[in-house]
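Q: File run.cif follows (mmCIF, C-alpha atoms):
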```cif
data_run
loop_
_atom_site.group_PDB
_atom_site.id
_atom_site.type_symbol
_atom_site.label_atom_id
_atom_site.label_comp_id
_atom_site.auth_asym_id
_atom_site.auth_seq_id
_atom_site.Cartn_x
_atom_site.Cartn_y
_atom_site.Cartn_z
ATOM 1 C CA MET Q 1 -212.582 32.548 119.707
ATOM 2 C CA ARG Q 2 -212.798 31.941 115.944
ATOM 3 C CA ALA Q 3 -210.944 28.650 116.384
ATOM 4 C CA TYR Q 4 -213.005 27.541 119.393
ATOM 5 C CA TYR Q 5 -216.355 28.104 117.692
ATOM 6 C CA ARG Q 6 -214.906 27.196 114.252
ATOM 7 C CA ILE Q 7 -216.273 30.452 112.888
ATOM 8 C CA GLY Q 8 -214.506 30.101 109.537
ATOM 9 C CA GLU Q 9 -216.185 26.771 108.749
ATOM 10 C CA ARG Q 10 -219.703 27.744 109.754
ATOM 11 C CA LYS Q 11 -222.295 29.590 107.779
ATOM 12 C CA ASP Q 12 -224.688 30.245 110.660
ATOM 13 C CA VAL Q 13 -222.730 33.092 112.223
ATOM 14 C CA VAL Q 14 -223.741 36.728 112.426
ATOM 15 C CA TRP Q 15 -221.035 39.160 113.456
ATOM 16 C CA TYR Q 16 -221.608 42.665 114.823
ATOM 17 C CA ASN Q 17 -218.669 45.053 115.073
ATOM 18 C CA GLY Q 18 -219.185 47.764 117.695
ATOM 19 C CA TYR Q 19 -216.173 49.713 116.417
ATOM 20 C CA GLU Q 20 -217.867 50.209 113.064
ATOM 21 C CA ARG Q 21 -221.537 50.672 113.894
ATOM 22 C CA GLU Q 22 -224.251 50.222 116.486
ATOM 23 C CA TYR Q 23 -225.505 46.742 117.289
ATOM 24 C CA GLY Q 24 -229.126 47.800 117.011
ATOM 25 C CA GLU Q 25 -232.075 45.913 118.469
ATOM 26 C CA PRO Q 26 -231.735 42.127 118.704
ATOM 27 C CA ASP Q 27 -233.626 40.397 115.905
ATOM 28 C CA ALA Q 28 -235.420 37.314 117.277
ATOM 29 C CA ASN Q 29 -236.141 35.987 113.767
ATOM 30 C CA ILE Q 30 -232.568 35.518 112.561
ATOM 31 C CA LEU Q 31 -231.695 32.087 111.182
ATOM 32 C CA GLU Q 32 -228.086 32.104 112.363
ATOM 33 C CA ARG Q 33 -227.216 30.223 115.514
ATOM 34 C CA ILE Q 34 -224.071 32.030 116.595
ATOM 35 C CA VAL Q 35 -224.162 35.740 117.345
ATOM 36 C CA VAL Q 36 -220.854 37.507 117.923
ATOM 37 C CA LEU Q 37 -220.823 41.032 119.294
ATOM 38 C CA GLU Q 38 -217.356 42.522 119.058
ATOM 39 C CA GLY Q 39 -216.189 45.907 120.362
ATOM 40 C CA LEU Q 40 -218.617 45.954 123.274
ATOM 41 C CA GLU Q 41 -216.794 48.802 125.029
ATOM 42 C CA ALA Q 42 -217.175 50.946 121.904
ATOM 43 C CA ALA Q 43 -220.897 50.175 121.799
ATOM 44 C CA ILE Q 44 -221.190 51.051 125.489
ATOM 45 C CA ARG Q 45 -219.462 54.358 124.803
ATOM 46 C CA ARG Q 46 -222.327 55.359 122.491
ATOM 47 C CA ILE Q 47 -224.938 54.365 125.074
ATOM 48 C CA PRO Q 48 -223.346 54.621 128.534
ATOM 49 C CA ASP Q 49 -226.393 53.322 130.374
ATOM 50 C CA VAL Q 50 -226.148 50.208 132.585
ATOM 51 C CA THR Q 51 -229.930 49.621 132.614
ATOM 52 C CA TYR Q 52 -230.041 49.619 128.815
ATOM 53 C CA TRP Q 53 -227.219 47.099 128.572
ATOM 54 C CA LYS Q 54 -228.580 44.866 131.320
ATOM 55 C CA GLN Q 55 -231.728 44.593 129.252
ATOM 56 C CA MET Q 56 -229.747 43.903 126.046
ATOM 57 C CA PHE Q 57 -227.703 41.177 127.720
ATOM 58 C CA GLN Q 58 -230.887 39.610 129.045
ATOM 59 C CA ARG Q 59 -232.635 39.716 125.667
ATOM 60 C CA ARG Q 60 -229.666 38.096 123.892
ATOM 61 C CA ARG Q 61 -229.525 35.514 126.641
ATOM 62 C CA GLU Q 62 -233.205 34.686 126.185
ATOM 63 C CA TRP Q 63 -232.743 34.299 122.426
ATOM 64 C CA GLU Q 64 -229.848 31.950 123.124
ATOM 65 C CA GLN Q 65 -231.943 29.786 125.417
ATOM 66 C CA GLN Q 66 -234.895 29.605 123.044
ATOM 67 C CA GLY Q 67 -233.146 27.440 120.436
ATOM 68 C CA ALA Q 68 -230.823 24.451 120.479
ATOM 69 C CA GLY Q 69 -227.177 25.105 119.628
ATOM 70 C CA ARG Q 70 -227.468 28.854 119.937
ATOM 71 C CA THR Q 71 -224.534 30.821 121.337
ATOM 72 C CA VAL Q 72 -224.022 34.513 121.958
ATOM 73 C CA VAL Q 73 -220.389 35.641 122.201
ATOM 74 C CA TRP Q 74 -219.598 39.065 123.629
ATOM 75 C CA ILE Q 75 -216.099 40.430 122.992
ATOM 76 C CA GLY Q 76 -214.839 43.502 124.797
ATOM 77 C CA THR Q 77 -211.528 45.157 125.489
ATOM 78 C CA ASP Q 78 -210.730 45.674 129.129
ATOM 79 C CA ILE Q 79 -210.466 49.456 129.428
ATOM 80 C CA THR Q 80 -210.710 49.511 133.213
ATOM 81 C CA GLN Q 81 -207.036 49.161 134.075
ATOM 82 C CA GLY Q 82 -205.657 52.534 133.082
ATOM 83 C CA VAL Q 83 -205.223 55.742 135.053
ATOM 84 C CA VAL Q 84 -208.507 57.368 136.114
ATOM 85 C CA PRO Q 85 -209.376 59.744 133.246
ATOM 86 C CA VAL Q 86 -209.595 63.468 133.915
ATOM 87 C CA GLU Q 87 -212.763 64.003 131.869
ATOM 88 C CA LYS Q 88 -216.063 63.155 133.534
ATOM 89 C CA GLU Q 89 -217.431 61.584 130.376
ATOM 90 C CA GLU Q 90 -214.463 59.239 130.064
ATOM 91 C CA ARG Q 91 -214.838 58.206 133.703
ATOM 92 C CA LEU Q 92 -218.522 57.449 133.201
ATOM 93 C CA TRP Q 93 -217.781 55.316 130.126
ATOM 94 C CA ARG Q 94 -215.156 53.364 132.031
ATOM 95 C CA ASP Q 95 -217.419 52.844 135.035
ATOM 96 C CA VAL Q 96 -220.368 51.712 132.926
ATOM 97 C CA THR Q 97 -218.097 49.334 130.998
ATOM 98 C CA GLY Q 98 -216.821 47.839 134.263
ATOM 99 C CA TRP Q 99 -220.362 47.346 135.566
ATOM 100 C CA CYS Q 100 -221.545 45.891 132.272
ATOM 101 C CA TYR Q 101 -218.663 43.409 132.200
ATOM 102 C CA GLN Q 102 -219.559 42.329 135.723
ATOM 103 C CA GLN Q 103 -223.178 41.817 134.675
ATOM 104 C CA LEU Q 104 -222.094 39.834 131.639
ATOM 105 C CA ALA Q 105 -219.637 37.678 133.560
ATOM 106 C CA GLN Q 106 -222.447 36.782 135.942
ATOM 107 C CA LEU Q 107 -224.839 35.955 133.110
ATOM 108 C CA CYS Q 108 -222.425 34.036 130.854
ATOM 109 C CA ASP Q 109 -221.650 30.327 130.997
ATOM 110 C CA ARG Q 110 -218.050 30.906 130.068
ATOM 111 C CA VAL Q 111 -215.670 33.840 130.561
ATOM 112 C CA ASP Q 112 -212.149 34.086 129.135
ATOM 113 C CA ARG Q 113 -209.456 36.710 129.353
ATOM 114 C CA ILE Q 114 -207.381 36.726 126.187
ATOM 115 C CA TRP Q 115 -203.724 37.743 126.062
ATOM 116 C CA CYS Q 116 -201.967 37.468 122.696
ATOM 117 C CA GLY Q 117 -204.284 34.679 121.616
ATOM 118 C CA LEU Q 118 -203.867 32.723 124.844
ATOM 119 C CA ALA Q 119 -207.179 32.233 126.642
ATOM 120 C CA GLU Q 120 -207.251 32.217 130.415
ATOM 121 C CA ARG Q 121 -210.579 30.798 131.463
ATOM 122 C CA MET Q 122 -212.081 32.697 134.399
ATOM 123 C CA LYS Q 123 -215.444 30.914 134.498
ATOM 124 C CA MET G 124 -186.432 29.461 119.163
ATOM 125 C CA ILE G 125 -188.505 32.511 119.958
ATOM 126 C CA VAL G 126 -188.865 34.078 123.395
ATOM 127 C CA PHE G 127 -191.570 36.749 123.556
ATOM 128 C CA ILE G 128 -191.447 39.384 126.272
ATOM 129 C CA SER G 129 -194.164 41.986 126.608
ATOM 130 C CA GLY G 130 -194.961 44.538 129.260
ATOM 131 C CA GLY G 131 -196.161 48.019 130.029
ATOM 132 C CA VAL G 132 -194.040 51.126 129.808
ATOM 133 C CA ARG G 133 -191.171 51.111 132.328
ATOM 134 C CA SER G 134 -192.041 47.600 133.445
ATOM 135 C CA GLY G 135 -188.493 46.252 133.235
ATOM 136 C CA LYS G 136 -189.038 44.197 130.098
ATOM 137 C CA SER G 137 -185.750 45.189 128.424
ATOM 138 C CA ARG G 138 -183.802 44.166 131.522
ATOM 139 C CA ILE G 139 -185.493 40.768 131.597
ATOM 140 C CA ALA G 140 -184.961 40.343 127.862
ATOM 141 C CA GLU G 141 -181.236 41.087 128.278
ATOM 142 C CA THR G 142 -181.012 38.479 131.044
ATOM 143 C CA TYR G 143 -182.616 35.985 128.674
ATOM 144 C CA VAL G 144 -180.064 36.786 125.982
ATOM 145 C CA GLN G 145 -177.219 36.036 128.379
ATOM 146 C CA LYS G 146 -178.843 32.765 129.502
ATOM 147 C CA LEU G 147 -179.425 31.567 125.970
ATOM 148 C CA ALA G 148 -176.019 32.530 124.605
ATOM 149 C CA ALA G 149 -173.589 29.635 124.081
ATOM 150 C CA PRO G 150 -169.798 29.973 124.327
ATOM 151 C CA GLY G 151 -168.758 31.824 121.213
ATOM 152 C CA SER G 152 -172.206 33.288 120.577
ATOM 153 C CA GLN G 153 -172.296 36.844 119.352
ATOM 154 C CA VAL G 154 -175.163 38.746 120.957
ATOM 155 C CA HIS G 155 -177.000 41.254 118.802
ATOM 156 C CA TYR G 156 -179.275 44.107 119.711
ATOM 157 C CA ILE G 157 -181.702 45.353 117.083
ATOM 158 C CA ALA G 158 -182.924 48.812 118.033
ATOM 159 C CA THR G 159 -186.020 49.912 116.134
ATOM 160 C CA ALA G 160 -186.652 53.250 117.852
ATOM 161 C CA ARG G 161 -186.017 56.471 116.000
ATOM 162 C CA ALA G 162 -184.443 59.260 118.030
ATOM 163 C CA SER G 163 -187.031 61.727 116.818
ATOM 164 C CA ASP G 164 -187.114 64.042 119.840
ATOM 165 C CA ASP G 165 -185.295 64.753 123.108
ATOM 166 C CA GLU G 166 -187.469 62.446 125.179
ATOM 167 C CA MET G 167 -186.835 59.545 122.805
ATOM 168 C CA LYS G 168 -183.100 60.352 122.794
ATOM 169 C CA GLN G 169 -183.114 60.157 126.586
ATOM 170 C CA ARG G 170 -184.914 56.825 126.572
ATOM 171 C CA ILE G 171 -182.435 55.421 124.071
ATOM 172 C CA ALA G 172 -179.460 56.736 126.058
ATOM 173 C CA HIS G 173 -180.847 55.076 129.188
ATOM 174 C CA HIS G 174 -180.955 51.696 127.447
ATOM 175 C CA GLN G 175 -177.520 52.167 125.834
ATOM 176 C CA LYS G 176 -175.917 53.010 129.167
ATOM 177 C CA ARG G 177 -177.294 49.869 130.754
ATOM 178 C CA ARG G 178 -176.006 47.672 127.952
ATOM 179 C CA GLN G 179 -172.545 49.251 128.121
ATOM 180 C CA LYS G 180 -172.247 48.295 131.785
ATOM 181 C CA GLN G 181 -172.785 44.621 130.988
ATOM 182 C CA THR G 182 -169.941 42.161 130.530
ATOM 183 C CA VAL G 183 -171.370 40.836 127.245
ATOM 184 C CA LYS G 184 -170.311 42.701 124.143
ATOM 185 C CA TRP G 185 -173.375 43.699 122.181
ATOM 186 C CA ALA G 186 -173.393 44.246 118.455
ATOM 187 C CA THR G 187 -175.985 46.990 118.030
ATOM 188 C CA TRP G 188 -178.001 47.458 114.851
ATOM 189 C CA GLU G 189 -180.161 50.523 114.479
ATOM 190 C CA GLN G 190 -182.818 49.411 112.057
ATOM 191 C CA PRO G 191 -186.160 51.272 112.276
ATOM 192 C CA VAL G 192 -187.601 49.545 109.156
ATOM 193 C CA ARG G 193 -186.864 46.585 106.840
ATOM 194 C CA LEU G 194 -185.339 44.252 109.419
ATOM 195 C CA ASP G 195 -185.023 41.574 106.733
ATOM 196 C CA LYS G 196 -181.846 43.382 105.635
ATOM 197 C CA LEU G 197 -180.136 42.128 108.792
ATOM 198 C CA ILE G 198 -180.833 38.430 108.186
ATOM 199 C CA PRO G 199 -177.464 37.725 106.457
ATOM 200 C CA VAL G 200 -175.605 39.234 109.424
ATOM 201 C CA PHE G 201 -176.489 36.503 111.932
ATOM 202 C CA THR G 202 -175.179 32.955 112.349
ATOM 203 C CA LYS G 203 -176.893 29.932 113.891
ATOM 204 C CA ASN G 204 -174.844 30.447 117.043
ATOM 205 C CA ASP G 205 -175.966 34.051 117.621
ATOM 206 C CA VAL G 206 -178.584 35.342 120.016
ATOM 207 C CA VAL G 207 -180.668 38.249 118.767
ATOM 208 C CA LEU G 208 -182.656 40.693 120.861
ATOM 209 C CA LEU G 209 -185.260 42.717 118.994
ATOM 210 C CA ASP G 210 -186.394 45.794 120.923
ATOM 211 C CA CYS G 211 -189.169 46.374 120.021
ATOM 212 C CA VAL G 212 -192.011 45.250 117.725
ATOM 213 C CA THR G 213 -194.148 48.262 118.635
ATOM 214 C CA ASN G 214 -191.720 50.830 117.227
ATOM 215 C CA TRP G 215 -190.913 48.695 114.238
ATOM 216 C CA LEU G 216 -194.596 48.318 113.328
ATOM 217 C CA ALA G 217 -195.226 52.054 113.765
ATOM 218 C CA ASN G 218 -192.242 52.839 111.529
ATOM 219 C CA GLU G 219 -193.458 50.442 108.838
ATOM 220 C CA LEU G 220 -197.132 51.457 108.973
ATOM 221 C CA PHE G 221 -196.601 55.185 109.049
ATOM 222 C CA ALA G 222 -193.739 55.270 106.527
ATOM 223 C CA ASP G 223 -196.299 56.400 103.944
ATOM 224 C CA GLU G 224 -200.005 57.252 103.727
ATOM 225 C CA SER G 225 -201.155 53.676 103.141
ATOM 226 C CA TRP G 226 -201.992 53.157 106.841
ATOM 227 C CA GLN G 227 -205.480 54.339 105.968
ATOM 228 C CA LYS G 228 -206.157 50.985 104.318
ATOM 229 C CA GLU G 229 -206.493 48.003 106.642
ATOM 230 C CA THR G 230 -205.518 45.560 103.885
ATOM 231 C CA VAL G 231 -202.211 47.366 103.343
ATOM 232 C CA CYS G 232 -201.513 47.408 107.099
ATOM 233 C CA PHE G 233 -202.072 43.660 107.289
ATOM 234 C CA ARG G 234 -199.899 43.059 104.227
ATOM 235 C CA LYS G 235 -197.090 44.917 106.016
ATOM 236 C CA ALA G 236 -197.723 42.973 109.235
ATOM 237 C CA ARG G 237 -197.586 39.661 107.355
ATOM 238 C CA GLN G 238 -194.241 40.704 105.850
ATOM 239 C CA MET G 239 -192.977 41.525 109.335
ATOM 240 C CA TRP G 240 -194.095 38.140 110.619
ATOM 241 C CA ALA G 241 -192.254 36.444 107.720
ATOM 242 C CA THR G 242 -189.129 38.431 108.628
ATOM 243 C CA LEU G 243 -189.428 37.381 112.277
ATOM 244 C CA GLN G 244 -189.568 33.724 111.253
ATOM 245 C CA GLN G 245 -186.517 34.227 109.045
ATOM 246 C CA LEU G 246 -184.691 35.896 111.920
ATOM 247 C CA GLU G 247 -185.577 32.955 114.140
ATOM 248 C CA ASN G 248 -184.246 30.475 111.589
ATOM 249 C CA ALA G 249 -181.073 32.491 111.050
ATOM 250 C CA SER G 250 -180.120 32.567 114.735
ATOM 251 C CA ARG G 251 -179.773 30.415 117.819
ATOM 252 C CA ALA G 252 -182.493 32.320 119.651
ATOM 253 C CA LEU G 253 -184.607 35.368 118.918
ATOM 254 C CA ILE G 254 -185.869 37.359 121.886
ATOM 255 C CA ILE G 255 -188.697 39.665 120.895
ATOM 256 C CA VAL G 256 -189.696 42.600 123.084
ATOM 257 C CA SER G 257 -193.039 44.340 122.679
ATOM 258 C CA ASN G 258 -195.438 46.569 124.570
ATOM 259 C CA GLU G 259 -198.717 46.016 126.337
ATOM 260 C CA LEU G 260 -200.821 48.861 125.078
ATOM 261 C CA PHE G 261 -204.196 47.222 124.931
ATOM 262 C CA SER G 262 -205.565 48.381 128.300
ATOM 263 C CA GLY G 263 -206.230 51.980 127.363
ATOM 264 C CA GLY G 264 -209.195 51.208 125.152
ATOM 265 C CA VAL G 265 -209.515 51.131 121.371
ATOM 266 C CA PRO G 266 -208.948 54.604 119.953
ATOM 267 C CA ASP G 267 -211.229 56.427 117.542
ATOM 268 C CA ASP G 268 -208.648 57.541 115.015
ATOM 269 C CA LEU G 269 -208.083 55.163 112.125
ATOM 270 C CA GLY G 270 -204.280 55.148 112.236
ATOM 271 C CA THR G 271 -204.095 54.059 115.870
ATOM 272 C CA TYR G 272 -206.957 51.604 115.336
ATOM 273 C CA HIS G 273 -205.114 49.879 112.473
ATOM 274 C CA PHE G 274 -201.898 49.998 114.475
ATOM 275 C CA MET G 275 -203.487 48.245 117.471
ATOM 276 C CA LYS G 276 -205.257 45.707 115.313
ATOM 277 C CA THR G 277 -202.098 44.681 113.439
ATOM 278 C CA LEU G 278 -200.000 44.730 116.616
ATOM 279 C CA GLY G 279 -202.500 42.414 118.309
ATOM 280 C CA TRP G 280 -202.379 40.106 115.302
ATOM 281 C CA LEU G 281 -198.565 40.087 115.335
ATOM 282 C CA HIS G 282 -198.519 39.323 119.068
ATOM 283 C CA GLN G 283 -200.809 36.353 118.478
ATOM 284 C CA GLN G 284 -198.584 34.930 115.713
ATOM 285 C CA ILE G 285 -195.487 35.399 117.845
ATOM 286 C CA VAL G 286 -196.961 33.835 120.993
ATOM 287 C CA THR G 287 -198.395 30.880 119.047
ATOM 288 C CA ASN G 288 -194.927 30.124 117.714
ATOM 289 C CA ALA G 289 -192.857 31.141 120.738
ATOM 290 C CA GLN G 290 -191.410 28.581 123.100
ATOM 291 C CA VAL G 291 -191.620 31.033 125.961
ATOM 292 C CA ALA G 292 -194.023 33.977 126.347
ATOM 293 C CA ILE G 293 -193.632 36.354 129.262
ATOM 294 C CA LEU G 294 -195.613 39.290 130.565
ATOM 295 C CA VAL G 295 -193.564 41.689 132.675
ATOM 296 C CA GLN G 296 -195.401 43.662 135.318
ATOM 297 C CA ASN G 297 -193.593 45.891 137.809
ATOM 298 C CA GLY G 298 -190.307 44.197 136.987
ATOM 299 C CA ILE G 299 -191.759 40.751 137.674
ATOM 300 C CA ALA G 300 -191.814 38.216 134.859
ATOM 301 C CA VAL G 301 -195.060 36.258 134.649
ATOM 302 C CA VAL G 302 -194.582 33.223 132.420
ATOM 303 C CA LYS G 303 -197.684 32.843 130.268
ATOM 304 C CA LYS G 304 -196.383 30.055 128.061
ATOM 305 C CA GLY G 305 -193.522 27.563 128.272
ATOM 306 C CA GLU G 306 -191.000 27.400 131.062
ATOM 307 C CA SER G 307 -188.767 30.187 132.210
ATOM 308 C CA CYS G 308 -185.100 29.364 131.932
ATOM 309 C CA LEU G 309 -184.057 32.146 134.290
#
```
Could I get this structure in the form of structure tokens?

A:
Amino acid sequence: MRAYYRIGERKDVVWYNGYEREYGEPDANILERIVVLEGLEAAIRRIPDVTYWKQMFQRRREWEQQGAGRTVVWIGTDITQGVVPVEKEERLWRDVTGWCYQQLAQLCDRVDRIWCGLAERMK
Amino acid sequence: MIVFISGGVRSGKSRIAETYVQKLAAPGSQVHYIATARASDDEMKQRIAHHQKRRQKQTVKWATWEQPVRLDKLIPVFTKNDVVLLDCVTNWLANELFADESWQKETVCFRKARQMWATLQQLENASRALIIVSNELFSGGVPDDLGTYHFMKTLGWLHQQIVTNAQVAILVQNGIAVVKKGESCL
């Protein structure tokens, strides 16, 4: 992803890490043109609400479309392929993550599955 | 050359890796097995015994090296005609990271991972072929505790370096080898 968007060479990138803190509300006034949101499944865990995320995806998408050369990159770990968790809360998180990823895949122009740095383009 | 073989637990990756070793060995090649697991409890002892038994049944004569950390020490042992199987990166990384308390710092973890990557390249250059076995443990989510988080992050980084430089990269699922990069020589 860093290589594809040449993240290292650009100065107009803002990077949110969901493992470290919340993404917060999207800021429409930012000057950067590339927004990366990493650790999506961790962010979903804090707010396991499909409606909330649908709205977030839509708002980021709108921001992207409002300016030339803008790109929003969502990065998430696929947590949906393990054994069904015993705890209800864990099941909910997994379900919401699965639904959110479906929503995102529908909304996005490009979808890749990454294995060891190899990208398999799905869309 | 590097052949990378990854897979879930009990997926048959060791068996496929051993087949690769036999295919890549030339007449007169010594085949080496680097075991990185520590027999820390009964379950681990059983797992190790299971792998040892299978290797003993094979016609090839393995030279086994039990080396949980500092694999660079083995570099002088190999010749350019030898085939080396490293089983596995996951245990090796855990042994290196959790050898002391420095796993709490991400920079230290990455320094260790970079050293491991340098060692892997040296092992590749010192041998005819290096077959690297690792584990797929990225489907269970990213854990909250810092140690496991750093472990997964550095393991993912190592996997990327290995696959970028490997001639063949294989994902084993249910005993079936899916070739993700290069061409299978099986």

Q: (-170.4, 28.5, 120.0) in this file's frame - what residues fall within 10 Å of it? Use only C-alpha atoms and give the answer as a compact mmCIF listing (two decimals) with C-alpha atoms, keeping the file's coordinate frame.

A:
```
# COMPACT_ATOMS: atom_id res chain seq x y z
CA ALA G 148 -176.02 32.53 124.60
CA ALA G 149 -173.59 29.64 124.08
CA PRO G 150 -169.80 29.97 124.33
CA GLY G 151 -168.76 31.82 121.21
CA SER G 152 -172.21 33.29 120.58
CA GLN G 153 -172.30 36.84 119.35
CA LYS G 203 -176.89 29.93 113.89
CA ASN G 204 -174.84 30.45 117.04
CA ASP G 205 -175.97 34.05 117.62
CA ARG G 251 -179.77 30.42 117.82
```

Q: Report as a VMD selection string the residues that result from applying the PyMOL selection byres ((chain G) within 6 of (chain Q)) to the structure here.

A: chain G and resid 262 to 264 282 to 283

Q: Quick one: which residues end up in the PyMOL selection byres ((chain G and resi 300) around 10) for this structure, as a ChimeraX atom specification?

A: /G:128-130,134-136,139,292-299,301-303,307,309

Q: Name the residues captured by the PyMOL selection byres ((chain Q and resi 32) around 8) when it is applied to the shown file; answer as a list of chain:residue names.

A: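 Written out, the selection comes to Q:Lys11, Q:Asp12, Q:Val13, Q:Val14, Q:Ile30, Q:Leu31, Q:Arg33, Q:Ile34, Q:Val35.
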
Q: Please report the interatomic distance between CA of His273 (chain G) and CA of Leu40 (chain Q) in Å with one decimal.

A: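 We find that CA of His273 (chain G) and CA of Leu40 (chain Q) lie 17.7 Å from each other.
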
Q: Using the partial input, fill out region 95-106 of chain Q with N, CA and C atoms; write the result as a CSV table (one decimal), in the frame of the given file.

A:
```csv
chain,number,residue,atom,x,y,z
Q,95,ASP,N,-216.6,53.4,134.0
Q,95,ASP,CA,-217.4,52.8,135.0
Q,95,ASP,C,-218.5,51.9,134.5
Q,96,VAL,N,-219.3,52.5,133.5
Q,96,VAL,CA,-220.4,51.7,132.9
Q,96,VAL,C,-219.8,50.4,132.3
Q,97,THR,N,-218.7,50.5,131.6
Q,97,THR,CA,-218.1,49.3,131.0
Q,97,THR,C,-217.7,48.3,132.1
Q,98,GLY,N,-217.2,48.7,133.2
Q,98,GLY,CA,-216.8,47.8,134.3
Q,98,GLY,C,-218.1,47.1,134.8
Q,99,TRP,N,-219.1,47.9,135.0
Q,99,TRP,CA,-220.4,47.3,135.6
Q,99,TRP,C,-221.0,46.4,134.6
Q,100,CYS,N,-221.0,46.8,133.3
Q,100,CYS,CA,-221.5,45.9,132.3
Q,100,CYS,C,-220.8,44.6,132.2
Q,101,TYR,N,-219.5,44.6,132.3
Q,101,TYR,CA,-218.7,43.4,132.2
Q,101,TYR,C,-219.0,42.5,133.4
Q,102,GLN,N,-219.2,43.1,134.5
Q,102,GLN,CA,-219.6,42.3,135.7
Q,102,GLN,C,-220.9,41.6,135.5
Q,103,GLN,N,-221.9,42.4,135.0
Q,103,GLN,CA,-223.2,41.8,134.7
Q,103,GLN,C,-223.1,40.6,133.7
Q,104,LEU,N,-222.3,40.9,132.7
Q,104,LEU,CA,-222.1,39.8,131.6
Q,104,LEU,C,-221.4,38.6,132.2
Q,105,ALA,N,-220.4,38.8,133.0
Q,105,ALA,CA,-219.6,37.7,133.6
Q,105,ALA,C,-220.6,36.8,134.4
Q,106,GLN,N,-221.5,37.5,135.1
Q,106,GLN,CA,-222.4,36.8,135.9
Q,106,GLN,C,-223.4,36.0,135.1
```
